[in-house]
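> Quick one: the structure is below, and I'll ask about it shortly.
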Amino acid sequence: MTTIDTNTTDAENTPPVDPNAVSITINGRTVAARKGELIIAAADRADEYIPRFCYHPRMSSVGMCRQCLVEVEGPRGPMMVVSCMTPVADGQIVRTDTPQVKRAHEGMIELLLANHPLDCPVCDKGGECPLQDQAFSHGAGESRFVEEKRHYEKPIPISDLVLLDRERCILCDRCTRFADEVAGDPLIIFTQRGNNTQVMTFPDEPFASYFSGNTVQICPVGALTATPYRFKARPWDLEQRESTCTSCSVGCRTVVQSSRDELLRFQGVDSDPVNWGWLCDRGRFNFQSTNSEDRLVTPQVKSGDSFTTVTWSEALDTVARTVRHARPGSVALIGGARGTNEDAFMWAKVADALGVTMRDAQLDDGLPASIYSYAQATIDSTCAGGTVIVVAPDLKEELPVLFLRLRDAAEKKRVRIIEVSSHQTGLTKYAWRSVQAEPGTSAAALAALLSESAVATQIQSGAVTIVAGRGNLAESANHVMAAVDAVIGAVPSATVLPALRRGNVRGALSVGLAPSDGNDTAAILEAAANGKVDCLILLGADPLSDVADADLARRGIAGAKFVVAVDTFLSPSAAHADIVLPAAAYGEKDGTTMNLEGRVTNVVQKITPRGTSRADWMIAAELLSVLGHDSSVSTLADVQRDMAKAIPGFGATTTAVAVKRDGVVVSVPVAAHSNVVTSAPPRNSYEFRLNVSRKLYDRAISTLTSPALENLAPGAQVLVNPLDLDRVGAPEGGNVRVSNNNSSLVLPVHSSPSVPRGVALVPFNQPGADIRELIRRSDSVVDVRIESI
Amino acid sequence: MARLSEDNIRLAREIIGRYPKPRSATIPLLHLAQEQDGFVTNEAMSHIGELVGATSAEVYGTASFYEMFKFEPVGKFLINICGTMSCALLGAEELMHHAEGRLGIKMGSTTADGKITLERAECQAACTEAPCLQVNYRYRYRVTPQDLDALIDDLSSGALDAEIPAHGTVATVRQSIPADRGVGAVDPDDVTEGPAWLDGKAAL
């Protein structure tokens, strides 16, 4: 707590007075506050707890629950005010400890409990419930209400993941406010009125928000529960450690909670520069994947068509023998972006020891690592002001919490968003300008936009940040790089926020798994297909599922003489491996990770690794010693010591122990690329240009192996503009043939006004026919015919 | 059971144009939907959401706040019998029982022919004329059971059709408002100076 010395009179010695500083008194203590701050927030900083239910520091105040009443000295004596709605004022005298305040708090609790079922013994929230806790700390202990309580059918599912018990609800407006203000999905709302007021969805229209799990976390009672955790544990049985979510590269802070050596729940933690306490549902609920029965638990070697379990020493000997006998320069390594920095660093050491030149942490589905060579932005700097130019995937689908931050910045009019995409995204309605450009034309569209006088004025008016990522997997990454260069050309001071999505892709590329001399995953697979790869090591990578050119992936995996898969599951690619090494999953290992802005935070081990699985860095260290290289590494601290020496930016502040909640932004120098020249051939008017984009829920292994999420993928389909659907002559939802010279497949077709004419939008990696069969990476863009059948 | 008709969409767009923000037109459009179908259908609420840029849930949340929007089919004539203090003291309960017996339905339900719906209402602010009721929100005062019988007879025969239009019929959303009288020209967010009448009074 800081206080302002109000007795200072010597004007010459006082620093300039902050015009926004005010001083208030809470229970006799002087508290420094700022104009506009709420009494409850100032009291929180001064450790004077005021009970509350509806107040949430990350949402607007609504004064719904009336629990936070305090006394403020007024001209006619002390007056009761709602502290979450009343801003501080200089000289304000606040009391939270008078008999009148106590009486008010007890009265409010009694009223809130009048209709509350008090079924705490069977309620999931019991033990961590603000209503329960505050009924004890601020309630009278008994109620005068003897009448029959309200009854509703309970619980009712309001989405696939969230259940609502209206009897427990105290109408605080937190979930409905979150849905509207934070997520922008106002699909739950107060309906009816008076005593019948209840939170409800529209009939038959579920609360299908990617952020629905947050409402469960912020519900101050047990009204909202999530199906994956419901009745699984009691809060007092949970143990927890703070960690970082690596489901995508935003790097949201979480707590990982477990009981009896099983992961049971992730909760969001408020990291101011990153996630503000929010998580997406995928990141929140895919803990189930770690607990899956399908996890790999022992090393296995392929014999014939099936796998045989072997010991770790046999497995590592086999791998060592293979790489020793491999021709020089014929060992390749793909992946590493799903692990920790330490994992990637140790595998990079293995690659160095073996003289491996073919290595890449990406799966030909991102951007060149040179995207990190531009002046870098952070999430905070992006959202702070000016113009944000988005040439990236649908952020709501791929980096959901970054979407929340950008949406917030746009809604509060701090930034103006300019979006160039090939279909309307989740961000489109918050964009100041949104251009839907045909694939292959984004750089040209952006250049044209920048020459408009209103846009030119806008980008000159403040900072410019480019959010750059690979939106369309059927379009060469060069188009995105060209668009970035177009902006940098117009605004040399612009900074870049690289929106590459895989959990630790930036970390892996930074600590040694970036490709050199163009030997990226595509080149590696091509080399393998041509018989030039004797040993292909897959580090949690699944080219058969993730490489957009399915044919290339298939030829590459088939052509590699020996495939080693280090993975948590027997992915389609791992199933083709000659040897499979089980890796520890998220929640089973300590380490550090790097988010998309280069922020290093820690991830923690909460449970014992499944079977004999172990952290990737351990596997790499053991392989090194089997190969006769003394890695002198036996603990995580050893790895971090070596990493601190070898990687600029890493050091004493970036160890798993040293990094705190908000982490440390690390800048690792990366070579720049030369300007790319792109062009896209003209499209035949009877063809469609393919736009293949990811959805939040797809056939990603962590989603597939999480029962709560596995059925949420929308499924393979093709979306076209309503006018184009008429042209094709197919009925809505009917099957069409989608074909080009490479292949032909049948998909259900739907019309969507979000898709511009002439573009076919197909979600990536969905259950159903695989659009990747039509994609060849040698093509700058991919055109297809769509015929009714 | 339908979305708004072509004619009503045209009218809806005109109504939306009267407001600075489209969603301000939500309630007039709900009246329009209720007039079209006799009650507010789910399809109409979704359609209104599309027209004003709100989710169906937001439209439903707004609509369900108001007692006069119905979400189930309602008879051509909605009879609201007041059951609050003055009317209760002067025979409202007997009147309700009589209505139930005469029509063969419970309060809150509709006759099989879809003609008449009975509802119990809160105070209608006509306490000096108790017991009172409303037919499609048109008052009837000091109603005796005999008056009620006569009223039902007239409603059934069509004798009151000219005086009492079908439930849902509303005049205000159909009124013609000249463009210069609309308030839709300026978005409140874009207002930079106060209105003329506020001039010099800002300090108040």
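Identifiers in this document derive from the order of the structure tokens: chains are assigned A, B, ..., residues are numbered from 1 separately in each chain, and ligands are numbered from 1 in order of occurrence.
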Counting only C-alpha atoms, which residues of chain B sit at most 6 Å from some atom of chain A, and what is each one's closest atom pair with its distance in Å to one decimal, listed by chain and rising residue number, as a Markdown table?


```
| residue | atom | partner | partner_atom | distance |
| --- | --- | --- | --- | --- |
| B:Ala57 | CA | A:Phe202 | CA | 4.5 |
| B:Gly61 | CA | A:Thr191 | CA | 4.4 |
| B:Ser64 | CA | A:Gln192 | CA | 4.8 |
| B:Phe65 | CA | A:Gln192 | CA | 4.7 |
```

> Please write the residues from the selection above to a file, keeping N, CA and C atoms, as an mmCIF file, in the first residue's frame.


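Output contents, as saved in selection-v3.cif:
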```cif
data_model
loop_
_atom_site.group_PDB
_atom_site.id
_atom_site.type_symbol
_atom_site.label_atom_id
_atom_site.label_comp_id
_atom_site.auth_asym_id
_atom_site.auth_seq_id
_atom_site.Cartn_x
_atom_site.Cartn_y
_atom_site.Cartn_z
ATOM 1 N N ALA B 57 -31.160 -14.326 -28.685
ATOM 2 C CA ALA B 57 -31.259 -14.310 -27.229
ATOM 3 C C ALA B 57 -31.499 -12.901 -26.715
ATOM 4 N N GLY B 61 -34.635 -11.816 -24.636
ATOM 5 C CA GLY B 61 -34.466 -11.234 -23.305
ATOM 6 C C GLY B 61 -35.273 -9.953 -23.161
ATOM 7 N N SER B 64 -39.245 -10.851 -23.440
ATOM 8 C CA SER B 64 -39.850 -11.589 -22.330
ATOM 9 C C SER B 64 -39.987 -10.731 -21.077
ATOM 10 N N PHE B 65 -39.357 -9.556 -21.094
ATOM 11 C CA PHE B 65 -39.514 -8.639 -19.950
ATOM 12 C C PHE B 65 -40.939 -8.092 -19.911
#
```

> Extract, using only C-alpha atoms, all DNA, RNA and protein residues at most 10 Å from Ala541 in chain A, discarding same-chain residues fewer than 6 positions from it, and format them as a PDB file with N, CA and C atoms, in the first residue's frame.


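Saved the output as out-v7.pdb:
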```pdb
ATOM      1  N   LEU A 333      14.681 -33.936 -38.829  1.00  0.00           N
ATOM      2  CA  LEU A 333      13.928 -33.772 -37.605  1.00  0.00           C
ATOM      3  C   LEU A 333      12.792 -32.780 -37.841  1.00  0.00           C
ATOM      4  N   ILE A 334      11.581 -33.227 -37.598  1.00  0.00           N
ATOM      5  CA  ILE A 334      10.418 -32.353 -37.789  1.00  0.00           C
ATOM      6  C   ILE A 334       9.651 -32.253 -36.477  1.00  0.00           C
ATOM      7  N   GLY A 335       9.307 -31.056 -36.091  1.00  0.00           N
ATOM      8  CA  GLY A 335       8.444 -30.861 -34.926  1.00  0.00           C
ATOM      9  C   GLY A 335       9.159 -30.202 -33.763  1.00  0.00           C
ATOM     10  N   GLY A 336       8.595 -30.336 -32.596  1.00  0.00           N
ATOM     11  CA  GLY A 336       9.163 -29.730 -31.398  1.00  0.00           C
ATOM     12  C   GLY A 336       8.370 -28.541 -30.909  1.00  0.00           C
ATOM     13  N   ALA A 337       7.361 -28.111 -31.699  1.00  0.00           N
ATOM     14  CA  ALA A 337       6.618 -26.911 -31.328  1.00  0.00           C
ATOM     15  C   ALA A 337       5.551 -27.190 -30.274  1.00  0.00           C
ATOM     16  N   ARG A 338       5.329 -28.445 -29.944  1.00  0.00           N
ATOM     17  CA  ARG A 338       4.325 -28.740 -28.927  1.00  0.00           C
ATOM     18  C   ARG A 338       4.951 -28.945 -27.556  1.00  0.00           C
ATOM     19  N   ALA A 361      10.620 -26.873 -36.963  1.00  0.00           N
ATOM     20  CA  ALA A 361       9.597 -27.025 -35.930  1.00  0.00           C
ATOM     21  C   ALA A 361       8.193 -26.836 -36.488  1.00  0.00           C
ATOM     22  N   GLN A 362       8.087 -26.304 -37.716  1.00  0.00           N
ATOM     23  CA  GLN A 362       6.761 -26.081 -38.295  1.00  0.00           C
ATOM     24  C   GLN A 362       6.440 -27.177 -39.302  1.00  0.00           C
ATOM     25  N   LEU A 363       5.186 -27.267 -39.666  1.00  0.00           N
ATOM     26  CA  LEU A 363       4.750 -28.336 -40.559  1.00  0.00           C
ATOM     27  C   LEU A 363       4.264 -27.754 -41.880  1.00  0.00           C
ATOM     28  N   VAL A 547       0.293 -31.356 -42.535  1.00  0.00           N
ATOM     29  CA  VAL A 547       0.866 -30.743 -43.736  1.00  0.00           C
ATOM     30  C   VAL A 547      -0.244 -30.603 -44.774  1.00  0.00           C
ATOM     31  N   ALA A 565       9.048 -41.747 -33.996  1.00  0.00           N
ATOM     32  CA  ALA A 565       8.018 -40.802 -33.551  1.00  0.00           C
ATOM     33  C   ALA A 565       8.105 -40.649 -32.040  1.00  0.00           C
ATOM     34  N   VAL A 566       8.337 -39.425 -31.604  1.00  0.00           N
ATOM     35  CA  VAL A 566       8.292 -39.127 -30.171  1.00  0.00           C
ATOM     36  C   VAL A 566       6.962 -38.435 -29.951  1.00  0.00           C
ATOM     37  N   ASP A 567       6.024 -39.098 -29.295  1.00  0.00           N
ATOM     38  CA  ASP A 567       4.684 -38.529 -29.244  1.00  0.00           C
ATOM     39  C   ASP A 567       3.943 -39.010 -28.013  1.00  0.00           C
ATOM     40  N   SER A 571      -0.423 -41.037 -33.299  1.00  0.00           N
ATOM     41  CA  SER A 571      -1.051 -40.219 -34.343  1.00  0.00           C
ATOM     42  C   SER A 571      -0.945 -40.962 -35.670  1.00  0.00           C
ATOM     43  N   SER A 573       0.701 -40.288 -38.253  1.00  0.00           N
ATOM     44  CA  SER A 573       2.098 -40.393 -38.674  1.00  0.00           C
ATOM     45  C   SER A 573       2.858 -41.355 -37.782  1.00  0.00           C
ATOM     46  N   ALA A 574       2.593 -41.295 -36.461  1.00  0.00           N
ATOM     47  CA  ALA A 574       3.291 -42.195 -35.537  1.00  0.00           C
ATOM     48  C   ALA A 574       2.957 -43.647 -35.864  1.00  0.00           C
TER      49      ALA A 574
END
```

> Would you mind listing what lies within 9 Å of Ala713 in chain A as a count of residues only, with only C-alpha atoms counted and same-chain residues fewer than 3 positions away left out?

11

> Please identify all polymer residues within 8 Å of Ile39 in chain A, counting only C-alpha atoms, omitting same-chain residues fewer than 5 positions from it, and present them as a PyMOL selection string.

chain A and resi 83-88

> Could you write out that same residue set with N, CA and C atoms as a compact mmCIF listing (two decimals), in the first residue's frame?


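Output contents, as saved in selection-v4.txt:
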```txt
# COMPACT_ATOMS: atom_id res chain seq x y z
N SER A 83 -20.16 0.14 -3.39
CA SER A 83 -18.76 0.51 -3.63
C SER A 83 -18.26 0.12 -5.01
N CYS A 84 -18.98 -0.76 -5.72
CA CYS A 84 -18.53 -1.12 -7.07
C CYS A 84 -19.08 -0.16 -8.11
N MET A 85 -19.92 0.79 -7.69
CA MET A 85 -20.47 1.76 -8.64
C MET A 85 -20.04 3.18 -8.29
N THR A 86 -19.42 3.35 -7.14
CA THR A 86 -19.10 4.70 -6.68
C THR A 86 -17.61 4.98 -6.85
N PRO A 87 -17.28 5.97 -7.67
CA PRO A 87 -15.86 6.29 -7.83
C PRO A 87 -15.31 7.04 -6.61
N VAL A 88 -14.02 6.93 -6.45
CA VAL A 88 -13.39 7.63 -5.34
C VAL A 88 -13.42 9.13 -5.61
```

> Pick out the residues sitting within 7 Å of Asn80 in chain B, and hand them over as a PyMOL selection string; count only C-alpha atoms, and ignore anything fewer than 4 positions along from it in its own chain.

chain B and resi 118-121+133-135

> Considering only C-alpha atoms, can you say which of B:Arg23, B:Lys115, B:Arg138, B:Arg102 comes closest to Pro73 in chain B?

B:Lys115

> Could you state the separation of CA of Asn286 in chain A and CA of Cys245 in chain A in Å, given to one decimal place?

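Straight-line distance from CA of Asn286 in chain A to CA of Cys245 in chain A works out to 10.1 Å.
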
> As a ChimeraX atom specification, which residues of range 131-377 of chain A does DSSP assign to helix (DSSP H, G or I)?

/A:131-138,174-182,194-196,213-218,235-237,281-285,287-290,312-325,341-353,369-373

> Env of Ala550 in chain A: 7 Å cut, atoms = only C-alpha atoms, seq-sep filter 6 positions within chain, self excluded. Answer as an MDAnalysis selection string.

chainID A and resid 544 772:773

> Please dump the current selection as a PDB file, in the first residue's frame; keep N, CA and C atoms.


```pdb
ATOM      1  N   LEU A 544       1.189 -36.273 -41.538  1.00  0.00           N
ATOM      2  CA  LEU A 544       0.070 -36.845 -42.298  1.00  0.00           C
ATOM      3  C   LEU A 544      -1.239 -36.119 -42.001  1.00  0.00           C
ATOM      4  N   ARG A 772      -7.222 -31.708 -48.232  1.00  0.00           N
ATOM      5  CA  ARG A 772      -5.783 -31.600 -48.504  1.00  0.00           C
ATOM      6  C   ARG A 772      -5.368 -32.389 -49.741  1.00  0.00           C
ATOM      7  N   GLU A 773      -6.213 -33.360 -50.132  1.00  0.00           N
ATOM      8  CA  GLU A 773      -5.896 -34.139 -51.338  1.00  0.00           C
ATOM      9  C   GLU A 773      -5.826 -33.249 -52.578  1.00  0.00           C
TER      10      GLU A 773
END
```

> So that I can check the surroundings of Asp590 in chain A, please list as a list of chain:residue names every protein, DNA and RNA residue that reaches within 8 Å of it, counting only C-alpha atoms and ignoring chain neighbours fewer than 3 positions away.

A:Gly587, A:Asn602, A:Val603, A:Val604, A:Gln605, A:Leu636, A:Ala656

> Please compute the CA of Arg416 in chain A-CA of Ala483 in chain A distance, one decimal, in Å.

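Distance reported for this atom pair: 18.2 Å.
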
> Out of A:Pro121, A:Gly540, A:Gly141, A:Pro368, which residue has the shortest atom-to-atom distance to Ala672 in chain A when counting only C-alpha atoms?

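Selected residue with least distance to Ala672 in chain A: A:Pro368.
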
> As a ChimeraX atom specification, which residues of chain B does DSSP assign to strand (DSSP E or B)?

/B:77-82,110,116-121,133-135,138-140

> Keeping only N, CA and C atoms, write the selected residues to a file as a compact mmCIF listing (two decimals), in the first residue's frame.


```
# COMPACT_ATOMS: atom_id res chain seq x y z
N PHE B 77 -59.41 -12.53 -29.02
CA PHE B 77 -59.68 -11.56 -27.95
C PHE B 77 -59.04 -12.04 -26.65
N LEU B 78 -58.25 -11.17 -26.09
CA LEU B 78 -57.57 -11.47 -24.83
C LEU B 78 -58.32 -10.72 -23.71
N ILE B 79 -58.92 -11.48 -22.80
CA ILE B 79 -59.65 -10.85 -21.69
C ILE B 79 -58.78 -10.90 -20.45
N ASN B 80 -58.36 -9.73 -19.98
CA ASN B 80 -57.56 -9.63 -18.76
C ASN B 80 -58.47 -9.20 -17.62
N ILE B 81 -58.71 -10.08 -16.68
CA ILE B 81 -59.54 -9.69 -15.54
C ILE B 81 -58.62 -9.30 -14.39
N CYS B 82 -58.82 -8.11 -13.89
CA CYS B 82 -57.97 -7.61 -12.81
C CYS B 82 -58.26 -8.36 -11.52
N THR B 110 -56.89 -20.73 -23.65
CA THR B 110 -57.61 -20.20 -24.79
C THR B 110 -58.71 -21.19 -25.20
N ILE B 116 -61.09 -16.76 -27.70
CA ILE B 116 -60.93 -15.98 -26.48
C ILE B 116 -59.89 -16.60 -25.56
N THR B 117 -58.99 -15.74 -25.03
CA THR B 117 -58.02 -16.16 -24.02
C THR B 117 -58.36 -15.44 -22.72
N LEU B 118 -58.34 -16.18 -21.63
CA LEU B 118 -58.57 -15.58 -20.31
C LEU B 118 -57.25 -15.41 -19.60
N GLU B 119 -57.08 -14.23 -18.98
CA GLU B 119 -55.86 -14.02 -18.21
C GLU B 119 -56.19 -13.26 -16.93
N ARG B 120 -55.45 -13.60 -15.90
CA ARG B 120 -55.56 -12.83 -14.67
C ARG B 120 -54.54 -11.71 -14.77
N ALA B 121 -54.96 -10.49 -14.45
CA ALA B 121 -54.03 -9.37 -14.60
C ALA B 121 -53.80 -8.68 -13.26
N LEU B 133 -62.05 -5.13 -16.27
CA LEU B 133 -61.29 -6.04 -17.13
C LEU B 133 -60.95 -5.30 -18.42
N GLN B 134 -60.08 -5.95 -19.20
CA GLN B 134 -59.75 -5.39 -20.51
C GLN B 134 -59.94 -6.46 -21.56
N VAL B 135 -60.46 -6.04 -22.72
CA VAL B 135 -60.49 -6.92 -23.87
C VAL B 135 -59.53 -6.33 -24.90
N ARG B 138 -58.82 -2.92 -24.11
CA ARG B 138 -59.90 -1.93 -24.05
C ARG B 138 -60.67 -2.20 -22.76
N TYR B 139 -60.88 -1.13 -22.00
CA TYR B 139 -61.48 -1.29 -20.67
C TYR B 139 -62.96 -1.65 -20.70
N ARG B 140 -63.40 -2.41 -19.71
CA ARG B 140 -64.80 -2.58 -19.35
C ARG B 140 -64.86 -2.40 -17.83
```

> Please, what distance in Å, to one decimal, runs between CA of Pro609 in chain A and CA of Glu588 in chain A?

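One can read the CA of Pro609 in chain A to CA of Glu588 in chain A distance as 5.0 Å.
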